[in-house]
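Student: Sharing run.txt, compact mmCIF, C-alpha atoms:
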# COMPACT_ATOMS: atom_id res chain seq x y z
CA MET T 24 14.97 38.45 29.02
CA TYR T 25 15.61 35.10 30.70
CA PRO T 26 14.07 35.77 34.11
CA ARG T 27 10.71 35.73 32.34
CA GLU T 28 9.03 32.36 32.77
CA SER T 29 7.78 32.32 29.18
CA VAL T 30 11.27 32.95 27.81
CA ALA T 31 12.90 30.33 30.03
CA ARG T 32 10.24 27.81 29.01
CA PHE T 33 10.63 28.56 25.31
CA VAL T 34 14.41 28.26 25.47
CA THR T 35 14.33 25.04 27.50
CA ASP T 36 11.74 23.43 25.25
CA ASN T 37 13.46 24.20 21.97
CA PHE T 38 17.23 24.62 22.36
CA VAL T 39 20.42 23.32 23.86
CA PRO T 40 21.23 26.49 25.87
CA VAL T 41 24.84 27.66 26.25
CA ARG T 42 26.05 30.83 27.97
CA VAL T 43 29.51 32.27 27.41
CA HIS T 44 30.76 35.05 29.68
CA VAL T 45 33.03 37.71 28.22
CA LYS T 46 35.47 37.47 31.14
CA GLU T 47 35.56 33.68 31.30
CA GLN T 48 35.78 32.71 27.62
CA PRO T 49 36.88 35.73 25.56
CA ALA T 50 38.22 33.48 22.79
CA MET T 51 34.68 32.28 22.12
CA PHE T 52 33.66 35.85 21.30
CA ASP T 53 36.30 35.90 18.56
CA ARG T 54 35.44 32.41 17.34
CA PHE T 55 31.81 33.35 16.71
CA GLY T 56 32.31 37.02 15.88
CA ALA T 57 30.39 38.32 18.88
CA ARG T 58 31.12 42.05 19.22
CA TRP T 59 28.78 43.12 21.96
CA THR T 60 26.70 41.79 24.83
CA PRO T 61 24.18 40.45 24.82
CA THR T 62 24.61 38.68 21.50
CA ILE T 63 22.50 35.58 20.94
CA LEU T 64 23.25 33.13 18.16
CA VAL T 65 20.96 30.33 17.06
CA LEU T 66 22.93 27.50 15.52
CA ASP T 67 21.49 24.46 13.81
CA SER T 68 22.37 21.01 15.09
CA GLU T 69 25.46 20.99 12.85
CA GLY T 70 26.72 24.24 14.37
CA ASN T 71 25.84 26.52 11.45
CA GLU T 72 24.68 30.00 12.45
CA ARG T 73 21.08 30.57 11.34
CA HIS T 74 20.12 33.69 13.29
CA ARG T 75 21.81 36.47 15.30
CA ILE T 76 20.33 38.88 17.82
CA GLU T 77 22.51 41.75 19.06
CA GLY T 78 21.31 43.74 22.07
CA PHE T 79 18.56 43.36 24.62
CA LEU T 80 14.97 42.73 23.52
CA PRO T 81 11.78 42.73 25.59
CA GLU T 82 10.05 39.41 26.17
CA LYS T 83 7.61 39.40 23.24
CA ASP T 84 10.18 40.60 20.75
CA PHE T 85 12.75 38.09 21.97
CA ILE T 86 10.40 35.11 21.70
CA GLY T 87 9.29 36.33 18.26
CA GLN T 88 12.94 36.40 17.19
CA LEU T 89 13.53 32.91 18.58
CA ALA T 90 10.52 31.53 16.71
CA LEU T 91 11.82 33.21 13.55
CA ALA T 92 15.20 31.60 14.22
CA LEU T 93 13.61 28.16 14.52
CA GLY T 94 11.89 28.83 11.21
CA HIS T 95 15.26 29.59 9.64
CA VAL T 96 16.74 26.41 11.11
CA ALA T 97 13.89 24.28 9.72
CA PHE T 98 14.05 26.07 6.34
CA ALA T 99 17.79 25.42 6.03
CA GLU T 100 17.11 21.74 6.71
CA GLN T 101 14.35 21.76 4.04
CA ARG T 102 11.72 20.89 6.61
CA TRP T 103 9.21 23.16 4.91
CA THR T 104 6.17 22.31 7.04
CA ASP T 105 8.11 22.86 10.27
CA ALA T 106 9.51 26.11 8.90
CA GLU T 107 6.03 27.35 8.03
CA ARG T 108 4.77 26.42 11.49
CA TRP T 109 7.56 28.27 13.32
CA LEU T 110 7.24 31.31 11.09
CA ALA T 111 3.49 31.39 11.69
CA GLU T 112 4.24 31.21 15.41
CA ALA T 113 6.66 34.14 15.12
CA LEU T 114 3.84 36.13 13.51
CA GLU T 115 1.27 35.07 16.09
CA ARG T 116 3.44 35.70 19.13
CA ASN T 117 4.35 39.23 18.16
CA PRO T 118 2.52 40.47 15.05
CA ASP T 119 3.77 44.02 15.61
CA GLY T 120 7.39 43.07 16.25
CA GLU T 121 10.39 43.48 13.98
CA ALA T 122 10.54 39.74 13.32
CA ALA T 123 7.02 39.67 11.90
CA PRO T 124 7.54 40.96 8.33
CA GLU T 125 10.56 38.70 7.88
CA ALA T 126 8.52 35.78 9.22
CA LEU T 127 5.68 36.55 6.80
CA TYR T 128 8.11 36.61 3.87
CA TRP T 129 9.81 33.32 4.71
CA LYS T 130 6.49 31.70 5.62
CA GLY T 131 5.36 32.34 2.05
CA VAL T 132 8.61 30.96 0.66
CA SER T 133 8.28 27.87 2.87
CA ARG T 134 4.75 27.33 1.62
CA TYR T 135 5.96 27.67 -1.98
CA LYS T 136 8.78 25.21 -1.33
CA ALA T 137 6.32 22.74 0.19
CA THR T 138 3.79 22.96 -2.64
CA GLY T 139 5.75 24.12 -5.69
CA ASP T 140 2.82 26.41 -6.42
CA PRO T 141 3.82 29.98 -7.37
CA LYS T 142 0.45 31.28 -6.23
CA GLU T 143 1.76 30.97 -2.66
CA LEU T 144 4.28 33.70 -3.44
CA ASN T 145 1.56 35.81 -5.03
CA GLU T 146 -0.60 35.37 -1.93
CA THR T 147 2.32 36.47 0.21
CA ALA T 148 2.76 39.60 -1.88
CA LYS T 149 -0.96 40.32 -1.45
CA ALA T 150 -0.61 39.89 2.32
CA PHE T 151 2.11 42.53 2.30
CA ALA T 152 -0.28 44.95 0.60
CA ASN T 153 -2.12 45.21 3.91
CA ARG T 154 0.65 44.63 6.48
CA TYR T 155 4.19 45.89 7.01
CA VAL T 156 3.84 48.05 3.91
CA GLY T 157 7.00 50.08 4.46
CA SER T 158 9.22 47.16 5.40
CA SER T 159 12.11 45.90 3.31
CA TRP T 160 10.38 42.50 3.29
CA ALA T 161 7.31 44.01 1.62
CA LYS T 162 9.59 45.46 -1.06
CA LYS T 163 11.24 42.07 -1.57
CA ALA T 164 7.85 40.36 -1.87
CA SER T 165 6.51 42.97 -4.31
CA VAL T 166 8.16 41.15 -7.20
CA TRP T 167 5.67 38.31 -6.68
CA ALA T 168 2.61 40.55 -7.03
CA ALA T 169 2.19 40.25 -10.79
CA MET E 16 11.89 27.91 36.04
CA GLU E 17 15.56 28.53 35.38
CA ILE E 18 17.44 27.71 32.22
CA ALA E 19 20.05 24.97 32.67
CA TRP E 20 22.83 26.85 30.92
CA LYS E 21 25.84 24.92 29.73
CA LYS E 22 29.29 26.54 29.61
CA ASP E 23 31.20 24.16 27.35
CA VAL E 24 30.38 25.21 23.80
CA ASP E 25 31.89 22.21 22.06
CA ALA E 26 30.18 19.76 24.40
CA ALA E 27 26.89 21.55 23.75
CA LEU E 28 27.45 21.37 19.99
CA ALA E 29 28.07 17.63 20.29
CA GLU E 30 24.90 17.23 22.35
CA ALA E 31 22.94 19.26 19.80
CA ARG E 32 24.21 17.09 16.95
CA ALA E 33 23.34 13.87 18.79
CA ALA E 34 19.87 15.12 19.76
CA HIS E 35 19.30 17.00 16.50
CA ARG E 36 18.38 20.16 18.41
CA PRO E 37 19.39 23.73 17.69
CA VAL E 38 21.74 25.62 20.00
CA LEU E 39 21.03 28.95 21.65
CA LEU E 40 24.45 30.51 22.29
CA ASP E 41 24.28 33.51 24.61
CA PHE E 42 27.26 35.86 24.86
CA SER E 43 26.88 37.70 28.13
CA ALA E 44 28.57 40.15 30.43
CA ALA E 45 25.98 39.68 33.17
CA PRO E 46 26.93 38.10 36.52
CA MET E 47 26.73 34.33 36.30
In structure tokens, write the structure found in this file.

Tutor:
Amino acid sequence: MYPRESVARFVTDNFVPVRVHVKEQPAMFDRFGARWTPTILVLDSEGNERHRIEGFLPEKDFIGQLALALGHVAFAEQRWTDAERWLAEALERNPDGEAAPEALYWKGVSRYKATGDPKELNETAKAFANRYVGSSWAKKASVWAA
Amino acid sequence: MEIAWKKDVDAALAEARAAHRPVLLDFSAAPM
């Protein structure tokens, strides 16, 4: 994942990067509940876990997951506009990836939080009528369709 | 470019708090 220039750039631009090796710091695996390698955690600036990736991912999927993670970080900090921007980026960078339906869901919620307008949730449900139809996120959004 | 990985988790968490940046914490078994 990291030898890719785009991944290294994305990580450097957006995170404080830390690498823990299983043989050098095994206690850290227990501290953070890491059960396998690679495991990647995204923590907010207060050290709270906001996203977890277990196992290798190809470049596009990995960057999509990292953008989704940054959306979760911004959402948790109630920075709704930043959250929406990162979630839109997760969608744009890998619209066919596993992060995309989750990003679409939380993008709609972020928009609703920013505006207070329930129609944003309804619009999100409509978007799921055409994309990611079988996903769990489409099912979760279906309650907003009425 | 190469990522400037840090090894000290608690120092990285302190840096993240001061800079208000998120942390990417990679648990690896790859050669370092």

Student: Nearest to Arg36 in chain E among T:Phe79, T:Phe55, T:Phe38, T:Phe151, with distances taken over all atoms listed in the file: which residue is it?

Tutor: T:Phe38

Student: Compile the residues of chain T that lie within 10 Å of chain E, evaluated using all atoms listed in the file, and express the compilation as a VMD selection string.

Tutor: chain T and resid 25 to 49 51 to 52 55 57 to 77 89 92 to 93 96 to 97

Student: What's the separation between CA of Lys130 in chain T and CA of Leu144 in chain T, in Å to one decimal place?

Tutor: 9.5 Å

Student: Please report, as AutoDock Vina command-line options, the centre and edge lengths in Å to one decimal of an axis-aligned box covering all listed atoms of range 80-89 of chain T with 6 Å per side.

Tutor:
--center_x 11.3 --center_y 37.8 --center_z 21.7 --size_x 19.4 --size_y 21.8 --size_z 21.0

Student: Hey, can you check how far CA of Gln101 in chain T sits from CA of Gly56 in chain T?

Tutor: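 Between CA of Gln101 in chain T and CA of Gly56 in chain T the gap works out to 26.4 Å.
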
Student: What is the distance between CA of Glu143 in chain T and CA of Arg102 in chain T, in Å to one decimal?

Tutor: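 Taking CA of Glu143 in chain T as the start and CA of Arg102 in chain T as the end point, the length is 16.9 Å.
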
Student: Could you add N, CA and C atoms to range 32-45 of chain E and give me the result as a PDB file, keeping the file's coordinate frame?

Tutor:
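Saved the output as out-v4.pdb:
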ATOM      1  N   ARG E  32      24.131  17.965  18.133  1.00  0.00           N
ATOM      2  CA  ARG E  32      24.210  17.090  16.950  1.00  0.00           C
ATOM      3  C   ARG E  32      23.570  15.743  17.255  1.00  0.00           C
ATOM      4  N   ALA E  33      23.872  15.189  18.426  1.00  0.00           N
ATOM      5  CA  ALA E  33      23.340  13.870  18.790  1.00  0.00           C
ATOM      6  C   ALA E  33      21.819  13.909  18.943  1.00  0.00           C
ATOM      7  N   ALA E  34      21.309  15.012  19.489  1.00  0.00           N
ATOM      8  CA  ALA E  34      19.870  15.120  19.760  1.00  0.00           C
ATOM      9  C   ALA E  34      19.108  15.779  18.616  1.00  0.00           C
ATOM     10  N   HIS E  35      19.863  16.253  17.623  1.00  0.00           N
ATOM     11  CA  HIS E  35      19.300  17.000  16.500  1.00  0.00           C
ATOM     12  C   HIS E  35      18.432  18.168  17.013  1.00  0.00           C
ATOM     13  N   ARG E  36      19.042  18.962  17.877  1.00  0.00           N
ATOM     14  CA  ARG E  36      18.380  20.160  18.410  1.00  0.00           C
ATOM     15  C   ARG E  36      19.239  21.381  18.102  1.00  0.00           C
ATOM     16  N   PRO E  37      18.605  22.512  17.890  1.00  0.00           N
ATOM     17  CA  PRO E  37      19.390  23.730  17.690  1.00  0.00           C
ATOM     18  C   PRO E  37      20.014  24.218  19.000  1.00  0.00           C
ATOM     19  N   VAL E  38      21.008  25.063  18.854  1.00  0.00           N
ATOM     20  CA  VAL E  38      21.740  25.620  20.000  1.00  0.00           C
ATOM     21  C   VAL E  38      21.389  27.098  20.133  1.00  0.00           C
ATOM     22  N   LEU E  39      21.128  27.522  21.359  1.00  0.00           N
ATOM     23  CA  LEU E  39      21.030  28.950  21.650  1.00  0.00           C
ATOM     24  C   LEU E  39      22.308  29.317  22.391  1.00  0.00           C
ATOM     25  N   LEU E  40      23.132  30.137  21.750  1.00  0.00           N
ATOM     26  CA  LEU E  40      24.450  30.510  22.290  1.00  0.00           C
ATOM     27  C   LEU E  40      24.400  31.970  22.719  1.00  0.00           C
ATOM     28  N   ASP E  41      24.452  32.182  24.017  1.00  0.00           N
ATOM     29  CA  ASP E  41      24.280  33.510  24.610  1.00  0.00           C
ATOM     30  C   ASP E  41      25.635  34.056  25.045  1.00  0.00           C
ATOM     31  N   PHE E  42      26.032  35.179  24.456  1.00  0.00           N
ATOM     32  CA  PHE E  42      27.260  35.860  24.860  1.00  0.00           C
ATOM     33  C   PHE E  42      26.870  36.955  25.828  1.00  0.00           C
ATOM     34  N   SER E  43      27.372  36.856  27.037  1.00  0.00           N
ATOM     35  CA  SER E  43      26.880  37.700  28.130  1.00  0.00           C
ATOM     36  C   SER E  43      28.011  38.381  28.871  1.00  0.00           C
ATOM     37  N   ALA E  44      27.674  39.507  29.478  1.00  0.00           N
ATOM     38  CA  ALA E  44      28.570  40.150  30.430  1.00  0.00           C
ATOM     39  C   ALA E  44      27.910  40.231  31.793  1.00  0.00           C
ATOM     40  N   ALA E  45      26.723  39.621  31.914  1.00  0.00           N
ATOM     41  CA  ALA E  45      25.980  39.680  33.170  1.00  0.00           C
ATOM     42  C   ALA E  45      26.603  38.733  34.200  1.00  0.00           C
TER      43      ALA E  45
END
